[in-house]
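For reference, the structure is listed below as structure tokens.
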Amino acid sequence: MKFRAVLNQRTLTLSAIVALAAAAILALNLLVVPLTTKLIDNWSRRDVELRSSLVFNSLKLSLESLLAVNAGSAINELFDQVALDERVLAVGFCDTEGRMLFKSSLMPEAFSCKGVTSEEKGRFFIFGRGAWPVLVGSYAFSAPEITGHLVVLHDLGFAGQRSAQARRYVALLLTGVGALGAGATVIAVALLIRLWRRRMRQTIEHFRKGTAISRESLEAAPLGRELYRLIRDLDARRESIDAENMSWTANTLKSIIHDNLADTQIIAVSNREPYIHEDADGHIEIRQPASGLVAALEPVMRACGGTWIAHGSGSADRTTVDSADHLAVPPDSPRYTLRRIWLTDEEQRGYYYGLANEGLWPLCHIAYIRPVFRESDWQQYKNINERFAQVVLQESQQPDPIILVQDYHFALLPKLVRALLPDATIITFWHIPWPNSETFGICPWKEEILQGMLGSTILGFHTRFHCNNFIDTVDRFLESRIDRELASITLAGHETFIRPYPIAIEWPPAAMRNQASIEKTRLAVRQRFRLSPNTRLAVGVERFDYTKGIVDRMQAVDSLLNNHPEWLGQFVLLQIAAPTRSELAAYRDLQTEAKELAASINARHQMDHWQPIILVAKHHEPHQVFELFRAADICIVSSLHDGMNLVAKEFVASRDDDSGVLILSSFAGASRELSEALLVNPYDPHSMGDAFHRALLMPKSEQTQRMHVMREQIRTRNVYRWAGKMLLDAEQLRKKQRIFQIAAKTAENS
């Protein structure tokens with residue numbers, strides 16, 4: 001926040017103009033000199049007051065977060081960083097009783113908090129009457145943990161030096177200039193200030209319209225570069241208050257929303273709904289789908305409230321909503337509203353099974369399944385995206401809601417919503433990988449999809465690698481302005497920020513409630529599947545999807561038993577695979593292949609009543625899945641390519657005994673965070689078989705060390721942190737706009 005260059009430039013310009021006043025006659029000396037001096041003093045003070053306001057607004061969010069965790073040393077360090085500005089003498093924080101709680105290291109000893117809040121002094125007052133007066137900016141400040149005043153001390157000595165210098169110039173030259181020259185000088189100064197203010201307002205207006213302003217424009221704009229730096233400083237301070245400084249819970253997220261987004265409506269949009277109602281023998285059953293998206297977003301919506309818009313796919317869904325297709329959920333304790341949208345079978349075939357899952361899904365996963373692109377599917381995809389956009393408009397109760405768009409089913413939705421609600425903050429999260437630009441170039445409608453996604457305010461992916469792939473794709477196929485340092489893309493005047501947000505699970509998981517002890521769970525699961533009590537059990541839990549590597553892990557079991565026959569009769573892979581998308585041939589073929597392969601391996605290795613693979617093609621509810629995890633010795637996640645794969649994190653979260661081994665594909669996004677797992681190449685069954693052998697032999701002490709580190713990672717980087725970072729980043733963009741508004745108002749009054 002250094003305005004020195006701008007102030008010096010204005011000072012030199014003003015001094016040159018004032019020097020022209022030397023043409024004024026000596027008789028007017030007593031009139032012109034005081035007038036010019038007063039003008040310079042007022043202008044200098046206004047500049048300092050503007051600086052003080054910007055300092056406060058840039059510190060506010062950081063200070064709130066640090067006060068919330070009582071990080072005193074971090075606050076003092078933050079104040080010291082601000083005080084590095086040569087015009088800022090010191091920064092401090094006074095409580096309501098007149099005590100200075102935090103301060104920069106060079107705070108004058110003579111300065112006291114007493115009287116700072118007195119109304120007769122107002123926001124700005126002078127401290128010290130000597131040769132070096134100090135302007136104090138006092139700002140009332142209220143945070144959840146503490147109330148007080150932030151004080152910013154500025155040195156006004158430079159203003160006195162500037163005034164004295166101006167008086168000397170005027171006194172020397174005024175005798176040679178007539179009254180007309182003096183009058184012209186005053187007029188020129190006024191016009192210069194007016195021009196400066198107008199150009200500064202233009203700069204602020206550019207930022208207000210979306211911060212899409214080139215650096216070339218900033219070079220020529222008053223305070224433009226300083227405002228740009230202020231934003232960058234704001235971003236840096238936001239990053240410095242990392243999530244590890246906070247304990248992320250549902251209550252933490254609620255508190256953030258209350259403090260920062262209290263009056264903001266939150267709307268989530270996804271294809272899959274969080275609760276499905278099905279007819280079952282004369283009664284209605286409620287189930288939650290096997291979906292990482294639902295597992296992550298549902299606890300966030302419970303904490304945030306708002307509206308979740310989704311496709312109603314259950315056979316009893318229509319009978320459970322009201323006349324506006326609304327339903328309060330969760331069923332046992334409603335926290336938010338589910339708005340269902342109805343699709344015909346034809347629409348479902350084109351939009352969901354066609355373009356989304358036969359086209360974009362294999363394209364993005366690079367799973368060696370050829371993507372299929374049909375013009376009719378594309379038309380249905382566009383129609384459904386447009387319908388969801390209209391429903392978003394219907395559900396919006398304010399012009400600027402925060403809209404959470406989920407996944408590859410709605411690539412066009414951000415741009416469509418932007419056209420209907422231009423002031424909305426749109427956060428799009430892409431739950432699957434983003435391929436390299438060459439691969440994505442296969443898509444016939446790549447430009448339309450990229451343009452649709454760039455209607456977002458923030459576009460999130462699981463990893464930085466996926467972010468870079470997206471930016472490279474846009475760079476190759478669209479004419480846009482890309483700022484790789486800021487990771488932003490500006491298209492048609494709208495700027496979209498590309499950010500990695502590794503998705504996570506809730507902590508503690510709801511599925512852990514009422515779970516039996518590890519010992520009881522192990523015994524119950526082995527009895528259920530007719531296993532001996534000493535059987536070493538590996539568990540895999542997936543949807544029946546060709547990207548999950550189910551066939552590959554079965555081949556790894558075959559390799560294990562071939563190379564290490566000592567595990568014959570001692571080891572079992574229990575594979576849970578929920579049927580999905582069975583309307584598509586690739587998924588039907590996978591189920592057939594998996595069943596045939598399991599039967600073949602079992603026939604080759606079975607002994608008496610033992611067989612190495614148990615394949616269960618059935619949906620399991622979350623509490624049932626966690627029971628299997630707690631009973632297992634090993635969890636295998638062998639995705640061929642995956643955005644995150646929350647199954648890996650759920651297994652770790654289930655092991656409150658700090659035991660068990662996770663075997664994890666290096667091509668799953670979770671491998672970037674859970675490096676203490678045994679990482680494998682799922683395309684190499686032999687090495688995966690060796691990983692099984694290593695896991696079975698791993699001592700308990702090593703299991704405990706690995707699991708402890710992973711559990712701590714999942715505890716701190718949970719789903720509330722995932723959502724909180726996105727929402728805080730969104731609110732940060734809003735705060736930047738307020739900075740420009742304050743700057744514009746201050747300039748208007750100067």
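Residues are referred to by chain and number: the chain letter is A, B, ... according to the order shown in the structure tokens, the number counts from 1 in that chain, and ligands are numbered separately from 1 in the order shown.
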Name the residues in contact with Ala695 of chain A at a cut-off of 12 Å, using only C-alpha atoms, excluding same-chain residues fewer than 6 positions from it; report them as a CSV table (one decimal) with C-alpha atoms, in the first residue's frame.
chain,number,residue,atom,x,y,z
A,536,ARG,CA,-7.0,-61.3,6.6
A,537,LEU,CA,-9.5,-59.1,4.8
A,538,ALA,CA,-9.1,-56.5,2.1
A,560,LEU,CA,-0.5,-62.3,-5.0
A,571,PHE,CA,-6.6,-63.8,2.6
A,632,ALA,CA,-10.8,-54.8,7.2
A,633,ASP,CA,-7.1,-55.2,7.4
A,634,ILE,CA,-6.6,-53.5,4.0
A,635,CYS,CA,-8.5,-51.0,1.9
A,636,ILE,CA,-7.7,-51.1,-1.8
A,659,SER,CA,-4.5,-49.5,12.3
A,660,GLY,CA,-5.1,-50.9,8.9
A,661,VAL,CA,-3.3,-50.3,5.6
A,662,LEU,CA,-4.5,-48.2,2.6
A,663,ILE,CA,-3.3,-49.2,-0.8
A,664,LEU,CA,-3.9,-46.2,-3.1
A,677,ALA,CA,-0.6,-44.9,1.9
A,678,LEU,CA,1.1,-47.6,-0.2
A,679,LEU,CA,1.0,-46.0,-3.6
A,680,VAL,CA,0.6,-48.3,-6.6
A,688,MET,CA,-0.2,-54.3,-6.8
A,689,GLY,CA,0.1,-58.0,-5.7
A,702,GLU,CA,4.2,-48.9,11.2
A,703,GLN,CA,0.5,-49.1,10.5
A,706,ARG,CA,1.1,-44.1,8.8
So which residues of segment 261-440 of chain A fall under strand (DSSP E) by DSSP, listed as number ranges by chain? A: 266-269, 276-280, 283-287, 307-311, 326-329, 336-341, 402-406, 425-429
Which residues are near Ser73 of chain A? Cut-off 12 Å, only C-alpha atoms, ignore same chain within fewer than 6 positions. Put them as a short mmCIF file (atom, residue, chain, number, x, y, z; two decimals) with N, CA and C atoms, in the first residue's frame.
data_model
loop_
_atom_site.label_atom_id
_atom_site.label_comp_id
_atom_site.auth_asym_id
_atom_site.auth_seq_id
_atom_site.Cartn_x
_atom_site.Cartn_y
_atom_site.Cartn_z
N LEU A 63 -7.28 -9.56 10.41
CA LEU A 63 -7.34 -9.32 11.85
C LEU A 63 -8.50 -10.07 12.49
N LEU A 66 -7.40 -13.70 12.88
CA LEU A 66 -6.38 -13.88 13.91
C LEU A 66 -6.94 -13.65 15.31
N LEU A 67 -7.84 -12.65 15.46
CA LEU A 67 -8.48 -12.43 16.75
C LEU A 67 -9.32 -13.63 17.17
N PHE A 79 1.14 -6.33 12.10
CA PHE A 79 1.25 -4.89 12.28
C PHE A 79 2.64 -4.40 11.88
N ASP A 80 3.68 -5.17 12.22
CA ASP A 80 5.04 -4.78 11.85
C ASP A 80 5.21 -4.74 10.33
N LEU A 101 -3.67 -3.73 23.29
CA LEU A 101 -3.46 -5.17 23.35
C LEU A 101 -2.37 -5.63 22.38
N PHE A 102 -2.34 -5.01 21.21
CA PHE A 102 -1.36 -5.43 20.20
C PHE A 102 -0.80 -4.17 19.54
N LYS A 103 0.47 -4.21 19.13
CA LYS A 103 1.05 -3.02 18.52
C LYS A 103 2.28 -3.42 17.72
N SER A 104 2.64 -2.57 16.77
CA SER A 104 3.88 -2.76 16.05
C SER A 104 5.04 -2.34 16.95
N SER A 105 6.23 -2.82 16.63
CA SER A 105 7.36 -2.66 17.55
C SER A 105 7.78 -1.21 17.75
#
According to DSSP computed on the backbone, where in segment 644-746 of chain A is there alpha helix (DSSP H)? Give the residues as a PyMOL selection string. chain A and resi 646-654+685-697+700-716+719-746
Counting only C-alpha atoms, what are the residues of segment 248-286 of chain A within 9 Å of segment 304-327 of chain A, and for each of them which pair of atoms is the nearest and at what distance in Å, to one decimal? Sort the table by chain and rising number, as JSON lines.
{"residue": "A:Ala250", "atom": "CA", "partner": "A:Cys304", "partner_atom": "CA", "distance": 8.6}
{"residue": "A:Leu253", "atom": "CA", "partner": "A:Cys304", "partner_atom": "CA", "distance": 7.4}
{"residue": "A:Lys254", "atom": "CA", "partner": "A:Cys304", "partner_atom": "CA", "distance": 6.2}
{"residue": "A:Ile257", "atom": "CA", "partner": "A:Cys304", "partner_atom": "CA", "distance": 7.1}
{"residue": "A:Gln265", "atom": "CA", "partner": "A:Gly306", "partner_atom": "CA", "distance": 6.2}
{"residue": "A:Ile266", "atom": "CA", "partner": "A:Gly306", "partner_atom": "CA", "distance": 5.0}
{"residue": "A:Ile267", "atom": "CA", "partner": "A:Thr307", "partner_atom": "CA", "distance": 4.9}
{"residue": "A:Ala268", "atom": "CA", "partner": "A:Trp308", "partner_atom": "CA", "distance": 4.6}
{"residue": "A:Val269", "atom": "CA", "partner": "A:Ile309", "partner_atom": "CA", "distance": 4.8}
{"residue": "A:Ser270", "atom": "CA", "partner": "A:Ala310", "partner_atom": "CA", "distance": 5.2}
{"residue": "A:Asn271", "atom": "CA", "partner": "A:Ala310", "partner_atom": "CA", "distance": 5.1}
{"residue": "A:Arg272", "atom": "CA", "partner": "A:Ala310", "partner_atom": "CA", "distance": 5.9}
{"residue": "A:Glu273", "atom": "CA", "partner": "A:Ala310", "partner_atom": "CA", "distance": 5.1}
{"residue": "A:Pro274", "atom": "CA", "partner": "A:Ala310", "partner_atom": "CA", "distance": 8.4}
{"residue": "A:Tyr275", "atom": "CA", "partner": "A:Gly314", "partner_atom": "CA", "distance": 8.8}
{"residue": "A:Ile276", "atom": "CA", "partner": "A:Gly314", "partner_atom": "CA", "distance": 5.2}
{"residue": "A:His277", "atom": "CA", "partner": "A:Ala316", "partner_atom": "CA", "distance": 5.0}
{"residue": "A:Glu278", "atom": "CA", "partner": "A:Ala316", "partner_atom": "CA", "distance": 4.8}
{"residue": "A:Asp279", "atom": "CA", "partner": "A:Ala316", "partner_atom": "CA", "distance": 5.5}
{"residue": "A:Ile284", "atom": "CA", "partner": "A:Ala316", "partner_atom": "CA", "distance": 6.9}
{"residue": "A:Glu285", "atom": "CA", "partner": "A:Ala316", "partner_atom": "CA", "distance": 8.6}
Can you spit out the residues from that selection as an mmCIF file, in the first residue's frame, using N, CA and C atoms?
data_model
loop_
_atom_site.group_PDB
_atom_site.id
_atom_site.type_symbol
_atom_site.label_atom_id
_atom_site.label_comp_id
_atom_site.auth_asym_id
_atom_site.auth_seq_id
_atom_site.Cartn_x
_atom_site.Cartn_y
_atom_site.Cartn_z
ATOM 1 N N ALA A 250 -18.488 -28.033 11.563
ATOM 2 C CA ALA A 250 -19.733 -27.467 11.037
ATOM 3 C C ALA A 250 -20.012 -26.115 11.680
ATOM 4 N N LEU A 253 -17.849 -23.393 10.089
ATOM 5 C CA LEU A 253 -18.402 -22.968 8.807
ATOM 6 C C LEU A 253 -19.625 -22.085 9.010
ATOM 7 N N LYS A 254 -20.483 -22.460 9.963
ATOM 8 C CA LYS A 254 -21.653 -21.633 10.261
ATOM 9 C C LYS A 254 -21.228 -20.243 10.726
ATOM 10 N N ILE A 257 -20.027 -18.156 7.794
ATOM 11 C CA ILE A 257 -21.165 -17.697 6.997
ATOM 12 C C ILE A 257 -21.903 -16.585 7.724
ATOM 13 N N GLN A 265 -27.774 -15.529 0.145
ATOM 14 C CA GLN A 265 -28.410 -16.814 -0.137
ATOM 15 C C GLN A 265 -27.424 -17.744 -0.830
ATOM 16 N N ILE A 266 -27.414 -19.010 -0.420
ATOM 17 C CA ILE A 266 -26.546 -20.015 -1.019
ATOM 18 C C ILE A 266 -27.404 -21.044 -1.746
ATOM 19 N N ILE A 267 -27.062 -21.274 -3.012
ATOM 20 C CA ILE A 267 -27.795 -22.226 -3.846
ATOM 21 C C ILE A 267 -26.796 -23.226 -4.412
ATOM 22 N N ALA A 268 -27.039 -24.510 -4.208
ATOM 23 C CA ALA A 268 -26.213 -25.563 -4.796
ATOM 24 C C ALA A 268 -26.972 -26.196 -5.958
ATOM 25 N N VAL A 269 -26.230 -26.567 -6.996
ATOM 26 C CA VAL A 269 -26.831 -27.198 -8.173
ATOM 27 C C VAL A 269 -26.022 -28.442 -8.519
ATOM 28 N N SER A 270 -26.687 -29.579 -8.608
ATOM 29 C CA SER A 270 -26.034 -30.816 -9.028
ATOM 30 C C SER A 270 -27.044 -31.686 -9.752
ATOM 31 N N ASN A 271 -26.546 -32.639 -10.502
ATOM 32 C CA ASN A 271 -27.470 -33.586 -11.128
ATOM 33 C C ASN A 271 -28.013 -34.562 -10.097
ATOM 34 N N ARG A 272 -27.138 -35.093 -9.267
ATOM 35 C CA ARG A 272 -27.534 -36.121 -8.295
ATOM 36 C C ARG A 272 -28.080 -35.461 -7.041
ATOM 37 N N GLU A 273 -29.191 -35.965 -6.547
ATOM 38 C CA GLU A 273 -29.810 -35.411 -5.345
ATOM 39 C C GLU A 273 -29.253 -36.092 -4.100
ATOM 40 N N PRO A 274 -29.301 -35.422 -2.945
ATOM 41 C CA PRO A 274 -28.723 -36.000 -1.730
ATOM 42 C C PRO A 274 -29.585 -37.081 -1.087
ATOM 43 N N TYR A 275 -30.904 -37.032 -1.320
ATOM 44 C CA TYR A 275 -31.816 -38.028 -0.763
ATOM 45 C C TYR A 275 -32.756 -38.502 -1.860
ATOM 46 N N ILE A 276 -32.881 -39.820 -1.994
ATOM 47 C CA ILE A 276 -33.724 -40.423 -3.023
ATOM 48 C C ILE A 276 -34.845 -41.186 -2.331
ATOM 49 N N HIS A 277 -36.080 -40.965 -2.779
ATOM 50 C CA HIS A 277 -37.239 -41.671 -2.237
ATOM 51 C C HIS A 277 -37.672 -42.740 -3.236
ATOM 52 N N GLU A 278 -37.726 -43.980 -2.767
ATOM 53 C CA GLU A 278 -38.071 -45.110 -3.630
ATOM 54 C C GLU A 278 -39.275 -45.862 -3.069
ATOM 55 N N ASP A 279 -40.178 -46.290 -3.974
ATOM 56 C CA ASP A 279 -41.275 -47.186 -3.590
ATOM 57 C C ASP A 279 -40.706 -48.571 -3.322
ATOM 58 N N ILE A 284 -42.276 -46.248 1.484
ATOM 59 C CA ILE A 284 -41.237 -45.438 0.844
ATOM 60 C C ILE A 284 -39.934 -45.570 1.627
ATOM 61 N N GLU A 285 -38.883 -45.902 0.907
ATOM 62 C CA GLU A 285 -37.550 -45.968 1.505
ATOM 63 C C GLU A 285 -36.737 -44.748 1.094
#
Find the residues around Thr547 of chain A up to 9 Å (only C-alpha atoms counted), leave out those fewer than 5 positions away in its own chain, and share them as a PDB file with C-alpha atoms, in the first residue's frame.
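Saved result, result-v9.pdb, follows:
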ATOM      1  CA  PRO A 362     -14.436 -40.978 -20.520  1.00  0.00           C
ATOM      2  CA  HIS A 365     -10.781 -39.697 -17.202  1.00  0.00           C
ATOM      3  CA  ILE A 366      -8.631 -40.868 -20.127  1.00  0.00           C
ATOM      4  CA  ALA A 367      -9.701 -44.415 -19.220  1.00  0.00           C
ATOM      5  CA  SER A 638      -7.027 -48.702  -7.481  1.00  0.00           C
ATOM      6  CA  SER A 639      -8.602 -45.992  -9.640  1.00  0.00           C
ATOM      7  CA  LEU A 640      -7.209 -45.818 -13.151  1.00  0.00           C
ATOM      8  CA  HIS A 641      -7.821 -42.048 -13.068  1.00  0.00           C
ATOM      9  CA  ASP A 642      -9.847 -40.123 -10.498  1.00  0.00           C
TER      10      ASP A 642
END
Quick one: distance from atom CA of Val625 of chain A to atom CA of Ala511 of chain A in Å, one decimal?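 Those two atoms sit 8.5 Å apart.
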Skip Gln406 of chain A itself and residues of its chain fewer than 2 positions away, then list as a PyMOL selection string all residues within 9 Å of it, counting only C-alpha atoms. chain A and resi 268-271+293+404+408-411+427-431
